Amino acid sequence: MKLKFYLDYNTYFGEEIVLNIVGAGGNVSKHAMTTVNGHTWTCETTLAPAAHSARSIEYYYSVECDGRLERHEWAGKRHLLDLAVSKATRVTIFDHWIDIPQDSYHYSSAITECLAHRDTVTVPATDYDTTVMLKVCAPQLRAGDRLALVGSGQALGSWSVLKAIAMAEHSRNEWVAVLDASQLKSNVIEFKFVAFSNRDDKTILWEVDGNRTVTLPELKKGDCVVYELPTAGFPIGDWRIAGTVVPVFSLKTAGSFGVGDFGDLKHMIDYVASTGQKALQVLPINDTTITHTWTDSYPYNCVSIYALHPQYIDLRQLPQLADASRRQHYSKLQAELNALPKIDYERVNQAKLAYMEELYKQEGAKTMKTAEFKQYFEANKQWLVPYAAFCHYRDLYGTASFGKWPEHRTFDESLRAAMANSRTSEYKKVAYWYYVQYNLDKQMRQAHDYARKRHVILKGDIPIGVSRDGVETWVEPRYFNLNGQAGAPPDAFATDGQNWGFPTYNWDEMLKDGCAWWVKRFTKMAQYFDAYRIDHVLGFFRIWEIPIDAVSGLLGQFSPALGMTREQIEGYGLHFQDYFTEPFITDWSLERTFHDRAGEVKEKYLEHTWGDRYRLKPDYDTQRKIQQAFKGRDSQDDKNLCTALMSLAADVLFVRDRKDPYKFHPRIAVQHAFVYESLYDSDKAAFNKLYDDYFYRRNNDFWYREAMKKLPKLVEATRMLVCAEDLGMVPACVPWVINELRILSLEIQSMPKDNHVKFGVLANNPYRSVSTISTHDMPTMRQWWDEDWNIAQEYYNEVLWKQGPAPHPMPGWLAEQVVANHLNCPSMLCLLSFQDWTAIDEDERLADENDERINVPAIPRYYWRYRMHKSIEQLMADNSFNAKVKKLIAQSGRL
């Protein structure tokens, strides 16, 4: 069979179009295309009989220049050519270049597998002497809808929908009609596409634009001509979805073991579906076990980007322990832990791991001989083996800090084969962790499948960082900068910035292999979710990198970033001084900081340099040294003194670039520091101009290019719906990338992205966005309302258009209005925290609003232990509250 491809696509001089045919196993054969005008490109190839028997071929186009890939079509939708034409010997294909469409969300698994799932079919075989094949995408169709073609002439139904030609959906959202060309009475065919509703065959939608026409070439026996047509458009409204955000660990049912688990997740999916919601968002579910203490409750500090946290195992889905006394022991413990109002992280995890150890001794050998386990192990062993080895050595040596282990400080690749061989002693040492992860994976996959069946989008969360004491840094240290710490500059969450402690990424190394590390990570997540939140998406533009010897975020710098030379700084009118990079410590600043303890501080912690200037003694000249010196000193006076000394260490006007000592970055938020106060007014003005240029203009194009090296690869890695957490100090280039890649932004009314307003205007939310009231890092709606009465009063009068004083605490009717306003906004997704949903009902919500808080970012070691105060069974039984939720969703058009 001979194939001839036509593609209209404008190129620049030196560029060439390449046809890439995807073969078995994902292998790609490249075929150069030719052109005479730089616009119409053609390529001829012969299809081998073996390939013909495959019934279809998948392919895509790319642009190359001097053998270097310049760009390629959108990976979310590839061309599919059906070969169900038995008599065809020559196939001519008229294609168009596929760029990422504005409605790319229609092609995400969130839509095609959850909300509008339709089974794809094989195009029926035909034996026409001459064939016309028409292909069209119809992404707006809902579940169960069918597409058909009707047109002029008897062969096309003479415009009667009763005689419309049924089409086959051979790939997601793409439909095919195969016509016998000999029955067409003219070489010009006129037609339209019509959609039959899933509700009944009488509800029919016609395309909104004018009739389509195609002029056919002269066809000879054995010819097949294929037209890939522009997308069909129907008067069907965009998806608008309501949902809930709640951590898995916060879920509670009668059978929970003191913490939410993957079985509880199914119950929550049922609840969400029963109230008309179509999405459920959770926090990260990866293993964070470092110390086996409550500090491991922080879900964004994962020790593995693949492994699931053992606390989420649902013991109810596992075989029972054979020993009746042990069953009774765990039953009693389950009732005790589940009655607690908050999670007891340490007891819960100790109990679950102990149970799994007993069950492994009883069931492990039998389970691990099954075909299902062997299949799981083979598919996951690349990450599973080092993860199990890490867990084994962590517990053997009593620490996750592999640099402190007496042996195995680096992963020994020679052990990989032995640990994967069930007949070796090395395998037996780590097999328990294989068993645990196998069961976790099985339960989470089942929850994911269950969500799809209930037409609920399960949305995950991908943390920006990984633990520096984790599997990835142990096995693949080349991907990380272990001498830096990731965090965030000062913001509404933390005035001194945030230091997460994660190592930063070595993007130069990651880009060498096309970000394979990230692609594998996202691919794994797609096994559990159909949408995801990119935590701190700004980190893909630039990360806030803090020196390893710093504690707060104030001494950080954006990385990568264009540091400033002395000459560039002085170009703003500020004469650069070397001491601008040294802590500014003077008699007057000490008096104002330490008051009557200034003399004590000078004597113990400082040494005089010149004039009225001082420097920190070598034992205290970094924040980390100061923190270490005050370790174990828990009086409030000592804590205050430690904090004040660390502020001295951060009182600099510029920080040196971490890679080039001859370049500098203005210190973030330095306008509140003594060194800034000491400047002349003219120098302050020069510095402020420099500061604004640096943080808001200088790096914009540079950061745009940095993000576009990375994010397209990650967005294209899976078909999950991509949502970004784009809060904080957002440079202007972020919306450029978000829009270009069709990523959903995050919109929070109390944190507007427009600096000219105090509260965001909900009606201005872009459609491709997620609207919410609060996140896990913020006070809940009720807490925010009482946090600053003046702000609440302004919101009450100016946003809600209410007269008089704002009521405190927030009454249910007022919370309901805020929720309704958010549901009515244009955002595709309106996802509200469980706490903010319950705020609308004073009988349903917690009595004390402060018990609703999940996390306080300003507290580095926060105990993440929030639990639902009612079980999901109790929630399901509250008909009054549920009716209120469903009514709000219905009235907003999100049902």
# chains A, B, ... in the order shown; residues from 1 in each chain; ligands from 1
>>> residues_around(residues="Gln891 in chain A", least_positions_apart="4", cutoff="10 Å", atoms="only C-alpha atoms", output="list in words")
Ala820, Leu823, Asn824, Lys886, Lys887 and Leu895 of chain A
>>> select_by_dssp(residues="range 696-814 of chain A", states="strand (DSSP E)", output="ChimeraX atom specification")
/A:721-724,745-748,769-772
>>> write_last_selection(atoms="N, CA, C and O atoms", output="mmCIF file, in the first residue's frame")
data_model
loop_
_atom_site.group_PDB
_atom_site.id
_atom_site.type_symbol
_atom_site.label_atom_id
_atom_site.label_comp_id
_atom_site.auth_asym_id
_atom_site.auth_seq_id
_atom_site.Cartn_x
_atom_site.Cartn_y
_atom_site.Cartn_z
ATOM 1 N N LEU A 721 -5.149 16.285 33.568
ATOM 2 C CA LEU A 721 -5.454 17.713 33.517
ATOM 3 C C LEU A 721 -4.470 18.443 34.418
ATOM 4 O O LEU A 721 -4.316 18.095 35.589
ATOM 5 N N VAL A 722 -3.801 19.462 33.873
ATOM 6 C CA VAL A 722 -2.707 20.120 34.586
ATOM 7 C C VAL A 722 -3.194 21.412 35.228
ATOM 8 O O VAL A 722 -3.737 22.291 34.549
ATOM 9 N N CYS A 723 -2.989 21.525 36.534
ATOM 10 C CA CYS A 723 -3.351 22.726 37.286
ATOM 11 C C CYS A 723 -2.106 23.216 38.013
ATOM 12 O O CYS A 723 -1.321 22.425 38.514
ATOM 13 N N ALA A 724 -1.940 24.525 38.086
ATOM 14 C CA ALA A 724 -0.737 25.091 38.692
ATOM 15 C C ALA A 724 -1.079 25.828 39.970
ATOM 16 O O ALA A 724 -2.107 26.500 40.060
ATOM 17 N N SER A 745 -4.743 27.928 36.019
ATOM 18 C CA SER A 745 -4.161 28.722 37.099
ATOM 19 C C SER A 745 -4.974 28.543 38.379
ATOM 20 O O SER A 745 -6.057 27.955 38.362
ATOM 21 N N LEU A 746 -4.441 29.056 39.481
ATOM 22 C CA LEU A 746 -5.149 29.015 40.761
ATOM 23 C C LEU A 746 -5.573 30.424 41.124
ATOM 24 O O LEU A 746 -4.739 31.341 41.161
ATOM 25 N N GLU A 747 -6.853 30.616 41.389
ATOM 26 C CA GLU A 747 -7.390 31.948 41.696
ATOM 27 C C GLU A 747 -7.986 31.949 43.098
ATOM 28 O O GLU A 747 -8.890 31.158 43.394
ATOM 29 N N ILE A 748 -7.441 32.814 43.955
ATOM 30 C CA ILE A 748 -7.931 32.971 45.329
ATOM 31 C C ILE A 748 -8.312 34.433 45.526
ATOM 32 O O ILE A 748 -7.476 35.324 45.383
ATOM 33 N N SER A 769 -9.025 27.914 34.906
ATOM 34 C CA SER A 769 -8.512 28.185 36.249
ATOM 35 C C SER A 769 -9.246 27.334 37.268
ATOM 36 O O SER A 769 -10.312 26.768 36.986
ATOM 37 N N VAL A 770 -8.634 27.276 38.451
ATOM 38 C CA VAL A 770 -9.245 26.639 39.620
ATOM 39 C C VAL A 770 -9.530 27.740 40.617
ATOM 40 O O VAL A 770 -8.617 28.470 41.028
ATOM 41 N N SER A 771 -10.776 27.884 40.992
ATOM 42 C CA SER A 771 -11.152 28.875 41.984
ATOM 43 C C SER A 771 -11.314 28.194 43.339
ATOM 44 O O SER A 771 -11.906 27.112 43.434
ATOM 45 N N THR A 772 -10.757 28.815 44.364
ATOM 46 C CA THR A 772 -10.930 28.285 45.717
ATOM 47 C C THR A 772 -10.933 29.438 46.704
ATOM 48 O O THR A 772 -10.576 30.570 46.365
#
>>> residues_around(residues="range 843-846 of chain A", least_positions_apart="6", cutoff="9 Å", atoms="only C-alpha atoms", output="JSON, numbers by chain")
{"A": [835, 836, 837, 852, 868, 869, 870, 875, 878, 881]}
>>> write_last_selection(atoms="N, CA and C atoms", output="compact mmCIF listing (two decimals), in the first residue's frame")
# COMPACT_ATOMS: atom_id res chain seq x y z
N GLN A 835 -13.51 22.02 54.91
CA GLN A 835 -13.84 22.93 56.00
C GLN A 835 -14.69 24.10 55.52
N ASP A 836 -14.39 24.60 54.30
CA ASP A 836 -15.16 25.73 53.78
C ASP A 836 -16.54 25.31 53.31
N TRP A 837 -16.68 24.07 52.85
CA TRP A 837 -18.03 23.57 52.54
C TRP A 837 -18.87 23.50 53.81
N GLU A 852 -9.81 23.67 62.55
CA GLU A 852 -9.90 23.32 61.14
C GLU A 852 -8.58 23.47 60.40
N MET A 868 -11.39 15.04 59.79
CA MET A 868 -12.81 15.37 59.74
C MET A 868 -13.43 15.07 61.10
N HIS A 869 -14.26 15.98 61.59
CA HIS A 869 -14.84 15.79 62.92
C HIS A 869 -16.04 14.85 62.90
N LYS A 870 -16.54 14.56 61.70
CA LYS A 870 -17.62 13.59 61.55
C LYS A 870 -17.18 12.55 60.53
N LEU A 875 -21.76 12.11 57.53
CA LEU A 875 -21.91 13.18 56.54
C LEU A 875 -22.94 12.79 55.49
N ASP A 878 -26.55 13.29 56.61
CA ASP A 878 -27.05 14.64 56.90
C ASP A 878 -27.77 15.19 55.67
N PHE A 881 -27.89 19.21 55.11
CA PHE A 881 -26.65 19.82 54.64
C PHE A 881 -26.37 19.43 53.19
>>> closest_residue(among="A:Asp508, A:Thr295, A:Tyr795, A:Arg667", to="Pro860 in chain A", atoms="only C-alpha atoms")
A:Thr295
>>> residues_around(residues="Leu216 in chain A", least_positions_apart="6", cutoff="12 Å", atoms="only C-alpha atoms", output="number ranges by chain")
A: 92-94, 130-134, 181-182, 184-190, 223-227
>>> closest_residue(among="A:Pro826, A:Pro857, A:Pro477, A:Pro766", to="Ile241 in chain A", atoms="only C-alpha atoms")
A:Pro826
>>> decode(residues="range 92-204 of chain A", atoms="C-alpha atoms", output="short mmCIF file (atom, residue, chain, number, x, y, z; two decimals), in the first residue's frame")
data_model
loop_
_atom_site.label_atom_id
_atom_site.label_comp_id
_atom_site.auth_asym_id
_atom_site.auth_seq_id
_atom_site.Cartn_x
_atom_site.Cartn_y
_atom_site.Cartn_z
CA THR A 92 -3.74 10.05 -0.08
CA ILE A 93 -3.95 11.93 3.21
CA PHE A 94 -4.66 15.65 3.57
CA ASP A 95 -3.59 16.66 7.09
CA HIS A 96 -3.21 19.78 9.16
CA TRP A 97 -0.60 20.60 11.80
CA ILE A 98 -1.93 19.99 15.33
CA ASP A 99 -1.01 22.73 17.77
CA ILE A 100 -2.16 22.58 21.38
CA PRO A 101 -5.80 23.70 21.16
CA GLN A 102 -7.41 26.23 23.44
CA ASP A 103 -9.68 23.47 24.73
CA SER A 104 -6.92 20.91 25.31
CA TYR A 105 -8.64 20.03 28.59
CA HIS A 106 -11.21 18.14 26.52
CA TYR A 107 -8.47 15.66 25.63
CA SER A 108 -7.32 15.12 29.21
CA SER A 109 -8.17 11.88 30.96
CA ALA A 110 -10.15 14.00 33.44
CA ILE A 111 -12.72 14.49 30.69
CA THR A 112 -12.30 11.46 28.42
CA GLU A 113 -12.07 8.87 31.19
CA CYS A 114 -14.11 10.44 34.00
CA LEU A 115 -16.78 12.85 32.81
CA ALA A 116 -17.36 12.03 29.15
CA HIS A 117 -16.07 8.50 28.78
CA ARG A 118 -16.99 6.75 25.55
CA ASP A 119 -15.45 3.49 24.41
CA THR A 120 -13.41 3.89 21.24
CA VAL A 121 -14.11 1.42 18.44
CA THR A 122 -12.37 -0.05 15.44
CA VAL A 123 -13.50 1.44 12.15
CA PRO A 124 -15.51 -1.24 10.29
CA ALA A 125 -13.68 -2.79 7.35
CA THR A 126 -14.85 -1.84 3.85
CA ASP A 127 -14.19 -3.20 0.37
CA TYR A 128 -15.05 -0.18 -1.75
CA ASP A 129 -13.22 0.21 -5.04
CA THR A 130 -12.77 3.91 -4.28
CA THR A 131 -13.04 5.34 -0.80
CA VAL A 132 -13.43 8.71 0.90
CA MET A 133 -12.55 8.87 4.58
CA LEU A 134 -13.52 11.92 6.64
CA LYS A 135 -12.02 12.49 10.09
CA VAL A 136 -13.09 15.15 12.55
CA CYS A 137 -12.61 15.91 16.24
CA ALA A 138 -15.69 16.65 18.33
CA PRO A 139 -14.30 17.23 21.84
CA GLN A 140 -17.43 18.88 23.23
CA LEU A 141 -19.50 15.70 23.18
CA ARG A 142 -20.63 14.25 26.48
CA ALA A 143 -20.64 10.64 27.63
CA GLY A 144 -22.83 8.52 25.37
CA ASP A 145 -23.21 11.15 22.64
CA ARG A 146 -22.82 9.96 19.06
CA LEU A 147 -21.61 11.76 15.98
CA ALA A 148 -23.01 11.39 12.48
CA LEU A 149 -22.65 12.97 9.06
CA VAL A 150 -25.47 14.20 6.86
CA GLY A 151 -25.31 16.10 3.58
CA SER A 152 -26.57 16.67 0.08
CA GLY A 153 -27.28 13.76 -2.20
CA GLN A 154 -28.71 10.37 -1.53
CA ALA A 155 -25.37 8.90 -0.45
CA LEU A 156 -25.14 11.45 2.38
CA GLY A 157 -28.76 11.19 3.52
CA SER A 158 -30.19 14.15 1.58
CA TRP A 159 -30.00 16.29 4.75
CA SER A 160 -32.29 13.96 6.67
CA VAL A 161 -31.01 13.13 10.15
CA LEU A 162 -32.98 9.92 9.93
CA LYS A 163 -30.57 8.86 7.18
CA ALA A 164 -27.43 10.32 8.74
CA ILE A 165 -24.27 8.23 8.40
CA ALA A 166 -23.09 6.96 11.77
CA MET A 167 -19.44 7.65 12.52
CA ALA A 168 -16.96 5.62 14.52
CA GLU A 169 -14.91 7.16 17.36
CA HIS A 170 -11.62 5.45 16.60
CA SER A 171 -9.56 7.54 19.06
CA ARG A 172 -10.49 9.88 21.88
CA ASN A 173 -12.69 12.68 20.51
CA GLU A 174 -11.90 11.83 16.87
CA TRP A 175 -14.59 10.34 14.64
CA VAL A 176 -14.35 8.70 11.22
CA ALA A 177 -16.83 8.27 8.37
CA VAL A 178 -15.93 5.92 5.50
CA LEU A 179 -17.80 6.62 2.26
CA ASP A 180 -18.12 4.66 -0.97
CA ALA A 181 -16.89 7.24 -3.47
CA SER A 182 -18.66 5.50 -6.34
CA GLN A 183 -22.00 6.47 -4.77
CA LEU A 184 -21.15 10.16 -4.71
CA LYS A 185 -22.67 11.88 -7.73
CA SER A 186 -20.38 14.90 -7.65
CA ASN A 187 -16.73 15.56 -6.91
CA VAL A 188 -17.89 18.31 -4.53
CA ILE A 189 -19.59 17.00 -1.42
CA GLU A 190 -21.53 19.24 0.94
CA PHE A 191 -22.30 18.10 4.46
CA LYS A 192 -22.50 18.82 8.17
CA PHE A 193 -21.85 16.88 11.34
CA VAL A 194 -24.70 16.25 13.77
CA ALA A 195 -24.56 15.00 17.34
CA PHE A 196 -27.14 12.68 18.84
CA SER A 197 -27.56 13.25 22.56
CA ASN A 198 -26.94 10.50 25.06
CA ARG A 199 -30.38 11.21 26.52
CA ASP A 200 -32.45 10.16 23.51
CA ASP A 201 -32.19 9.92 19.74
CA LYS A 202 -34.61 12.84 19.35
CA THR A 203 -32.21 15.38 20.85
CA ILE A 204 -29.99 16.35 17.92
#
